[in-house]
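Shown below: start22.tsv, with TSV, N, CA and C atoms.
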```
chain	number	residue	atom	x	y	z
A	1	MET	N	0.84	-1.17	0.00
A	1	MET	CA	0.00	0.00	0.00
A	1	MET	C	0.89	1.24	0.00
A	2	LYS	N	0.51	2.19	-0.77
A	2	LYS	CA	1.23	3.46	-0.88
A	2	LYS	C	0.34	4.57	-0.35
A	3	ALA	N	0.97	5.65	0.13
A	3	ALA	CA	0.21	6.80	0.64
A	3	ALA	C	-0.72	7.35	-0.43
A	4	ARG	N	-0.26	7.31	-1.67
A	4	ARG	CA	-1.10	7.84	-2.76
A	4	ARG	C	-2.38	7.02	-2.96
A	5	ASP	N	-2.42	5.80	-2.41
A	5	ASP	CA	-3.61	4.96	-2.51
A	5	ASP	C	-4.71	5.42	-1.55
A	6	ILE	N	-4.35	6.31	-0.63
A	6	ILE	CA	-5.33	6.84	0.32
A	6	ILE	C	-5.44	8.33	0.06
A	7	PRO	N	-6.42	8.76	-0.73
A	7	PRO	CA	-6.51	10.15	-1.18
A	7	PRO	C	-6.53	11.18	-0.05
A	8	GLU	N	-7.06	10.81	1.10
A	8	GLU	CA	-7.15	11.76	2.22
A	8	GLU	C	-5.76	12.19	2.70
A	9	ILE	N	-4.78	11.34	2.53
A	9	ILE	CA	-3.42	11.67	3.00
A	9	ILE	C	-2.86	12.85	2.23
A	10	SER	N	-3.10	12.92	0.96
A	10	SER	CA	-2.56	14.02	0.16
A	10	SER	C	-3.16	15.36	0.56
A	11	LYS	N	-4.30	15.34	1.22
A	11	LYS	CA	-4.95	16.58	1.64
A	11	LYS	C	-4.41	17.10	2.97
A	12	LEU	N	-3.62	16.30	3.65
A	12	LEU	CA	-3.09	16.70	4.96
A	12	LEU	C	-1.92	17.66	4.81
A	13	SER	N	-1.76	18.52	5.81
A	13	SER	CA	-0.59	19.40	5.84
A	13	SER	C	0.63	18.57	6.25
A	14	ILE	N	1.80	19.14	6.10
A	14	ILE	CA	3.02	18.43	6.51
A	14	ILE	C	2.96	18.08	7.99
A	15	ALA	N	2.53	19.03	8.81
A	15	ALA	CA	2.44	18.78	10.26
A	15	ALA	C	1.48	17.62	10.55
A	16	GLU	N	0.35	17.60	9.85
A	16	GLU	CA	-0.62	16.52	10.05
A	16	GLU	C	-0.05	15.18	9.60
A	17	LYS	N	0.70	15.20	8.50
A	17	LYS	CA	1.32	13.96	8.03
A	17	LYS	C	2.34	13.44	9.03
A	18	ILE	N	3.10	14.35	9.63
A	18	ILE	CA	4.08	13.94	10.64
A	18	ILE	C	3.37	13.32	11.84
A	19	LEU	N	2.28	13.95	12.28
A	19	LEU	CA	1.51	13.39	13.40
A	19	LEU	C	0.95	12.01	13.05
A	20	LEU	N	0.50	11.85	11.81
A	20	LEU	CA	-0.01	10.56	11.36
A	20	LEU	C	1.09	9.50	11.41
A	21	VAL	N	2.27	9.86	10.93
A	21	VAL	CA	3.39	8.92	10.96
A	21	VAL	C	3.73	8.55	12.39
A	22	GLU	N	3.72	9.53	13.29
A	22	GLU	CA	4.00	9.25	14.70
A	22	GLU	C	2.97	8.28	15.27
A	23	ASP	N	1.70	8.52	14.95
A	23	ASP	CA	0.64	7.63	15.43
A	23	ASP	C	0.81	6.21	14.87
A	24	LEU	N	1.15	6.13	13.60
A	24	LEU	CA	1.38	4.82	12.99
A	24	LEU	C	2.53	4.11	13.68
A	25	TRP	N	3.62	4.84	13.89
A	25	TRP	CA	4.80	4.22	14.52
A	25	TRP	C	4.45	3.76	15.94
A	26	ASP	N	3.72	4.59	16.69
A	26	ASP	CA	3.32	4.21	18.05
A	26	ASP	C	2.47	2.95	18.04
A	27	SER	N	1.60	2.82	17.04
A	27	SER	CA	0.74	1.63	16.98
A	27	SER	C	1.56	0.38	16.66
A	28	ILE	N	2.62	0.55	15.89
A	28	ILE	CA	3.50	-0.58	15.58
A	28	ILE	C	4.33	-0.93	16.81
A	29	ALA	N	4.90	0.08	17.43
A	29	ALA	CA	5.81	-0.13	18.56
A	29	ALA	C	5.08	-0.60	19.81
A	30	SER	N	3.78	-0.44	19.88
A	30	SER	CA	3.04	-0.83	21.08
A	30	SER	C	3.08	-2.34	21.31
A	31	ASP	N	3.34	-3.09	20.27
A	31	ASP	CA	3.45	-4.54	20.40
A	31	ASP	C	4.78	-4.97	19.78
A	32	GLU	N	5.84	-4.85	20.58
A	32	GLU	CA	7.19	-5.12	20.09
A	32	GLU	C	7.38	-6.55	19.59
A	33	SER	N	6.56	-7.46	20.07
A	33	SER	CA	6.71	-8.85	19.66
A	33	SER	C	6.40	-9.04	18.18
A	34	ASN	N	5.68	-8.10	17.59
A	34	ASN	CA	5.34	-8.20	16.17
A	34	ASN	C	6.31	-7.45	15.27
A	35	VAL	N	7.33	-6.82	15.87
A	35	VAL	CA	8.31	-6.07	15.08
A	35	VAL	C	9.52	-6.97	14.87
A	36	PRO	N	9.73	-7.44	13.66
A	36	PRO	CA	10.85	-8.35	13.43
A	36	PRO	C	12.19	-7.62	13.53
A	37	VAL	N	13.17	-8.30	14.13
A	37	VAL	CA	14.52	-7.76	14.22
A	37	VAL	C	15.39	-8.55	13.24
A	38	PRO	N	15.96	-7.88	12.25
A	38	PRO	CA	16.78	-8.59	11.26
A	38	PRO	C	17.98	-9.28	11.92
A	39	ASP	N	18.36	-10.39	11.36
A	39	ASP	CA	19.52	-11.13	11.88
A	39	ASP	C	20.78	-10.26	11.86
A	40	SER	N	20.89	-9.37	10.88
A	40	SER	CA	22.07	-8.50	10.81
A	40	SER	C	22.12	-7.56	12.02
A	41	HIS	N	20.98	-7.13	12.51
A	41	HIS	CA	20.95	-6.28	13.71
A	41	HIS	C	21.34	-7.08	14.94
A	42	LYS	N	20.83	-8.29	15.02
A	42	LYS	CA	21.18	-9.16	16.15
A	42	LYS	C	22.68	-9.44	16.16
A	43	ALA	N	23.23	-9.70	14.99
A	43	ALA	CA	24.66	-9.98	14.88
A	43	ALA	C	25.48	-8.77	15.30
A	44	GLU	N	25.05	-7.58	14.90
A	44	GLU	CA	25.77	-6.35	15.27
A	44	GLU	C	25.71	-6.11	16.78
A	45	LEU	N	24.55	-6.32	17.37
A	45	LEU	CA	24.43	-6.17	18.82
A	45	LEU	C	25.33	-7.16	19.53
A	46	ASN	N	25.36	-8.39	19.05
A	46	ASN	CA	26.21	-9.40	19.65
A	46	ASN	C	27.69	-9.01	19.51
A	47	ARG	N	28.08	-8.51	18.35
A	47	ARG	CA	29.47	-8.08	18.12
A	47	ARG	C	29.85	-6.98	19.10
A	48	ARG	N	28.96	-6.00	19.26
A	48	ARG	CA	29.24	-4.89	20.17
A	48	ARG	C	29.30	-5.35	21.61
A	49	TRP	N	28.40	-6.28	21.99
A	49	TRP	CA	28.40	-6.80	23.35
A	49	TRP	C	29.71	-7.53	23.64
A	50	GLN	N	30.14	-8.36	22.70
A	50	GLN	CA	31.39	-9.09	22.89
A	50	GLN	C	32.57	-8.12	22.99
A	51	LYS	N	32.59	-7.10	22.17
A	51	LYS	CA	33.66	-6.10	22.21
A	51	LYS	C	33.67	-5.38	23.56
A	52	ALA	N	32.48	-5.03	24.05
A	52	ALA	CA	32.39	-4.34	25.34
A	52	ALA	C	32.86	-5.25	26.48
A	53	ARG	N	32.51	-6.52	26.42
A	53	ARG	CA	32.92	-7.46	27.47
A	53	ARG	C	34.43	-7.60	27.52
A	54	VAL	N	35.08	-7.62	26.36
A	54	VAL	CA	36.55	-7.75	26.30
A	54	VAL	C	37.21	-6.48	26.82
A	55	SER	N	36.58	-5.34	26.57
A	55	SER	CA	37.17	-4.04	26.89
A	55	SER	C	36.77	-3.51	28.26
A	56	LEU	N	36.11	-4.29	29.09
A	56	LEU	CA	35.62	-3.79	30.36
A	56	LEU	C	36.72	-3.16	31.21
A	57	GLY	N	37.91	-3.72	31.17
A	57	GLY	CA	39.01	-3.20	31.97
A	57	GLY	C	39.48	-1.84	31.52
A	58	SER	N	39.20	-1.44	30.30
A	58	SER	CA	39.68	-0.16	29.79
A	58	SER	C	38.63	0.94	29.87
A	59	LEU	N	37.48	0.64	30.47
A	59	LEU	CA	36.44	1.64	30.59
A	59	LEU	C	36.74	2.58	31.76
A	60	LEU	N	36.30	3.82	31.63
A	60	LEU	CA	36.48	4.81	32.69
A	60	LEU	C	35.25	4.85	33.58
A	61	SER	N	35.49	5.15	34.86
A	61	SER	CA	34.36	5.40	35.74
A	61	SER	C	33.82	6.79	35.40
A	62	LEU	N	32.66	7.11	35.92
A	62	LEU	CA	32.07	8.41	35.65
A	62	LEU	C	32.98	9.53	36.19
A	63	GLU	N	33.54	9.34	37.37
A	63	GLU	CA	34.43	10.35	37.94
A	63	GLU	C	35.69	10.52	37.10
A	64	GLU	N	36.25	9.41	36.60
A	64	GLU	CA	37.43	9.49	35.74
A	64	GLU	C	37.12	10.25	34.45
A	65	LEU	N	35.96	9.98	33.90
A	65	LEU	CA	35.55	10.66	32.68
A	65	LEU	C	35.39	12.15	32.91
A	66	LYS	N	34.72	12.52	34.02
A	66	LYS	CA	34.54	13.93	34.35
A	66	LYS	C	35.89	14.64	34.51
A	67	THR	N	36.82	13.99	35.20
A	67	THR	CA	38.15	14.57	35.42
A	67	THR	C	38.85	14.76	34.09
A	68	LYS	N	38.76	13.78	33.22
A	68	LYS	CA	39.39	13.87	31.91
A	68	LYS	C	38.79	15.01	31.09
A	69	ILE	N	37.49	15.15	31.13
A	69	ILE	CA	36.82	16.23	30.40
A	69	ILE	C	37.21	17.58	30.98
A	70	ASP	N	37.22	17.68	32.30
A	70	ASP	CA	37.57	18.95	32.95
A	70	ASP	C	39.00	19.36	32.65
A	71	SER	N	39.88	18.41	32.49
A	71	SER	CA	41.28	18.72	32.24
A	71	SER	C	41.49	19.28	30.82
A	72	ARG	N	40.53	19.08	29.94
A	72	ARG	CA	40.64	19.59	28.57
A	72	ARG	C	40.14	21.01	28.45
A	73	LYS	N	39.49	21.51	29.47
A	73	LYS	CA	38.92	22.86	29.40
A	73	LYS	C	39.97	23.92	29.58
```

Could you render the structure as structure tokens?
Amino acid sequence: MKARDIPEISKLSIAEKILLVEDLWDSIASDESNVPVPDSHKAELNRRWQKARVSLGSLLSLEELKTKIDSRK
């Protein structure tokens, strides 16, 4: 289905179309179990998780990060 197949959509202002898209997205997102997650996304999340687990020792605490940022000012 295309937007042009619903004549009423072409009569909407840009703001109204944006609100319509938001409502559509909210209706889709309200039931996450019906939103398929591509295998490529799952693989990327897994890759990032594995990278983060290996790098845990090199992460900064919040205080270390703040100090580092403050030292650049």

Correct to one decimal, the distance atom C of Lys17 of chain A-atom N of Pro36 of chain A is 22.6 Å

Residues flagged alpha helix (DSSP H) by DSSP in chain A, as a PyMOL selection string: chain A and resi 7-10+14-29+39-54+62-71

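Of note, atom N of Glu32 of chain A and atom C of Gln50 of chain A are spaced 27.0 Å apart.
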
Have a look at atom CA of Thr67 of chain A and atom CA of Ala52 of chain A and let me know their distance in Å, one decimal. 22.2 Å

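With distances taken from (4.3, 11.8, 6.4) and restricted to only C-alpha atoms, the residues inside 12 Å are Lys2, Ala3, Arg4, Ile9, Ser10, Lys11, Leu12, Ser13, Ile14, Ala15, Glu16, Lys17, Ile18, Leu19, Leu20, Val21, Glu22, Asp23, Leu24 and Trp25 of chain A.
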